[in-house]
Structure formats: structure tokens, C-alpha cells
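Remarks on the structure that follows.
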Amino acid sequence: MSHPSWLENIPIAITVSDAEGKIIEMNQKAADTFASSGGKDLIGKNLFDCHPSKAQEKIRQLSQGTTANVYTIEKNGIKKLIYQIPYFQNGKFAGLVEFSFATPDVIPHFIRD
């Protein structure tokens with residue numbers, strides 16, 4: 001699927017699956033992030049085939065609810081925020097979206113009223 005140029009060129013990896021777990025979209029940053037696993041050739045593959053059993057259970061949990069799975073990781077000295085969330089069409093679970101992006105070591109936190 002063709003994406004607007006801004007979506008292809010932002011430094012945020014975006015991967016989208018359908019309700020069965022099949023990867024249906026990836027922007028260029030996601031393809032680069034998963035290059036060693038096939039990059040954009042992962043489109044059409046199933047998320048369950050790309051993850052170990054513990055992660056597969058989390059995918060199942062996400063597909064049954066409405067809450068996000070949000071966590072940070074560090075890999076090769078780069079800290080990232082991972083935000084995974086189900087999406088719905090006409091009130092029915094339609095798949096999952098994952099956003100992944102690098103974060104600075106310290107993130108300012110503001111409380112706004």
C-alpha cells in the first residue's frame with residue numbers, strides 16, 4: 001500500500017496487522033527496523049510467526065481488549081518506546097498497530113492543568 005511521503009519518512013516505525021495477525025502495512029522506518037527479518041517482505045506474514053511464545057500471548061491479550069501495551073526497551077545503546085494498541089472498525093476488533101521510536105535518555109515530563 002502506498003503511504004503519504006510524510007508517513008514513509010518520519011523516524012517512527014509503524015507496523016499494522018489485521019484481525020488475524022497478518023501484517024498488512026509497514027512504513028519505511030518499520031521496514032528498516034526489521035530489515036534483518038525481511039523488511040517490507042514481512043507484509044503478508046503473520047505476527048505469531050515473528051514472535052516467541054511469551055510475545056504471542058501478549059498479542060492474544062491485546063486482540064481481546066482495548067488497552068495499549070506500552071513499554072521501553074534498549075537495544076544497541078538506543079532506547080525506544082514501544083506502543084502497541086488494538087484498532088477497531090465498526091466496533092469490531094480489526095487488528096493491531098505498533099509504534100516504535102527512539103527516545104532520549106531523559107524525557108521532560110510536564111503536568112498541565
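Starting from 1 in every chain, residues are counted up; chains themselves are A, B, ... following the order of the C-alpha cells, and ligands are numbered from 1 as listed.
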Test item, alpha helix (DSSP H) assignment across chain A, answer as a list in words: Ser5, Trp6, Leu7, Glu8, Asn9, Gln28, Lys29, Ala30, Ala31, Asp32, Thr33, Ser53, Lys54, Ala55, Gln56, Glu57, Lys58, Ile59, Arg60, Gln61, Leu62, Ser63 and Gln64 of chain A
Write the residues you've just listed into a file as a PDB file, in the first residue's frame, and include C-alpha atoms for each of them.
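Now in out_3.pdb:
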```pdb
ATOM      1  CA  SER A   5       5.566  10.707   1.935  1.00  0.00           C
ATOM      2  CA  TRP A   6       5.470  12.150   5.466  1.00  0.00           C
ATOM      3  CA  LEU A   7       4.403   8.752   6.855  1.00  0.00           C
ATOM      4  CA  GLU A   8       7.165   6.958   4.983  1.00  0.00           C
ATOM      5  CA  ASN A   9       9.827   9.396   6.144  1.00  0.00           C
ATOM      6  CA  GLN A  28       9.862   2.625   5.701  1.00  0.00           C
ATOM      7  CA  LYS A  29      11.203   3.040   9.256  1.00  0.00           C
ATOM      8  CA  ALA A  30       9.488  -0.226  10.276  1.00  0.00           C
ATOM      9  CA  ALA A  31      10.928  -1.946   7.206  1.00  0.00           C
ATOM     10  CA  ASP A  32      14.394  -0.653   8.132  1.00  0.00           C
ATOM     11  CA  THR A  33      13.945  -1.710  11.767  1.00  0.00           C
ATOM     12  CA  SER A  53       5.530 -17.663  22.756  1.00  0.00           C
ATOM     13  CA  LYS A  54       5.528 -15.024  25.529  1.00  0.00           C
ATOM     14  CA  ALA A  55       5.024 -12.248  22.974  1.00  0.00           C
ATOM     15  CA  GLN A  56       2.366 -14.317  21.186  1.00  0.00           C
ATOM     16  CA  GLU A  57       0.380 -14.422  24.436  1.00  0.00           C
ATOM     17  CA  LYS A  58       0.617 -10.616  24.698  1.00  0.00           C
ATOM     18  CA  ILE A  59      -0.636 -10.314  21.104  1.00  0.00           C
ATOM     19  CA  ARG A  60      -3.625 -12.505  22.019  1.00  0.00           C
ATOM     20  CA  GLN A  61      -4.340 -10.340  25.082  1.00  0.00           C
ATOM     21  CA  LEU A  62      -4.176  -7.160  23.011  1.00  0.00           C
ATOM     22  CA  SER A  63      -6.615  -8.597  20.482  1.00  0.00           C
ATOM     23  CA  GLN A  64      -9.132  -9.276  23.275  1.00  0.00           C
TER      24      GLN A  64
END
```
Picked from chain A by DSSP as strand (DSSP E or B), as a VMD selection string: chain A and resid 13 to 17 22 to 26 46 69 to 75 78 to 89 92 to 102
Export of prior selection with C-alpha atoms as an mmCIF file, in the first residue's frame:
```cif
data_model
loop_
_atom_site.group_PDB
_atom_site.id
_atom_site.type_symbol
_atom_site.label_atom_id
_atom_site.label_comp_id
_atom_site.auth_asym_id
_atom_site.auth_seq_id
_atom_site.Cartn_x
_atom_site.Cartn_y
_atom_site.Cartn_z
ATOM 1 C CA ALA A 13 8.368 2.638 12.908
ATOM 2 C CA ILE A 14 4.691 1.855 12.249
ATOM 3 C CA THR A 15 3.512 -1.709 11.673
ATOM 4 C CA VAL A 16 -0.152 -2.660 11.212
ATOM 5 C CA SER A 17 -1.755 -6.096 11.319
ATOM 6 C CA LYS A 22 -1.309 -10.763 9.282
ATOM 7 C CA ILE A 23 0.977 -7.763 8.732
ATOM 8 C CA ILE A 24 -0.820 -5.514 6.264
ATOM 9 C CA GLU A 25 1.217 -2.310 6.370
ATOM 10 C CA MET A 26 4.667 -1.048 7.327
ATOM 11 C CA ASN A 46 1.710 -13.396 10.499
ATOM 12 C CA ASN A 69 0.753 -2.358 25.684
ATOM 13 C CA VAL A 70 3.368 0.320 26.328
ATOM 14 C CA TYR A 71 6.961 -0.273 27.357
ATOM 15 C CA THR A 72 10.538 0.827 26.754
ATOM 16 C CA ILE A 73 13.495 -1.201 25.552
ATOM 17 C CA GLU A 74 17.170 -0.600 24.969
ATOM 18 C CA LYS A 75 18.936 -2.297 22.080
ATOM 19 C CA ILE A 78 19.340 3.024 21.695
ATOM 20 C CA LYS A 79 16.351 3.456 23.993
ATOM 21 C CA LYS A 80 12.948 3.040 22.393
ATOM 22 C CA LEU A 81 9.331 3.432 23.358
ATOM 23 C CA ILE A 82 7.070 0.677 22.042
ATOM 24 C CA TYR A 83 3.338 1.425 21.863
ATOM 25 C CA GLN A 84 1.065 -1.403 20.718
ATOM 26 C CA ILE A 85 -2.675 -0.927 20.520
ATOM 27 C CA PRO A 86 -5.689 -2.669 19.014
ATOM 28 C CA TYR A 87 -7.794 -0.801 16.474
ATOM 29 C CA PHE A 88 -11.451 -1.282 15.647
ATOM 30 C CA GLN A 89 -13.690 -0.841 12.622
ATOM 31 C CA LYS A 92 -15.201 -4.837 15.889
ATOM 32 C CA PHE A 93 -11.544 -5.677 16.524
ATOM 33 C CA ALA A 94 -9.698 -5.105 13.229
ATOM 34 C CA GLY A 95 -6.046 -5.579 14.159
ATOM 35 C CA LEU A 96 -3.058 -4.124 15.945
ATOM 36 C CA VAL A 97 -0.827 -1.120 15.388
ATOM 37 C CA GLU A 98 2.704 -0.845 16.747
ATOM 38 C CA PHE A 99 4.572 2.432 17.001
ATOM 39 C CA SER A 100 8.272 2.249 17.882
ATOM 40 C CA PHE A 101 10.613 5.193 18.205
ATOM 41 C CA ALA A 102 13.901 6.172 19.786
#
```
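Taking atom CA of Asp18 of chain A and atom CA of Ala68 of chain A as the two end points, the separation is 16.2 Å.
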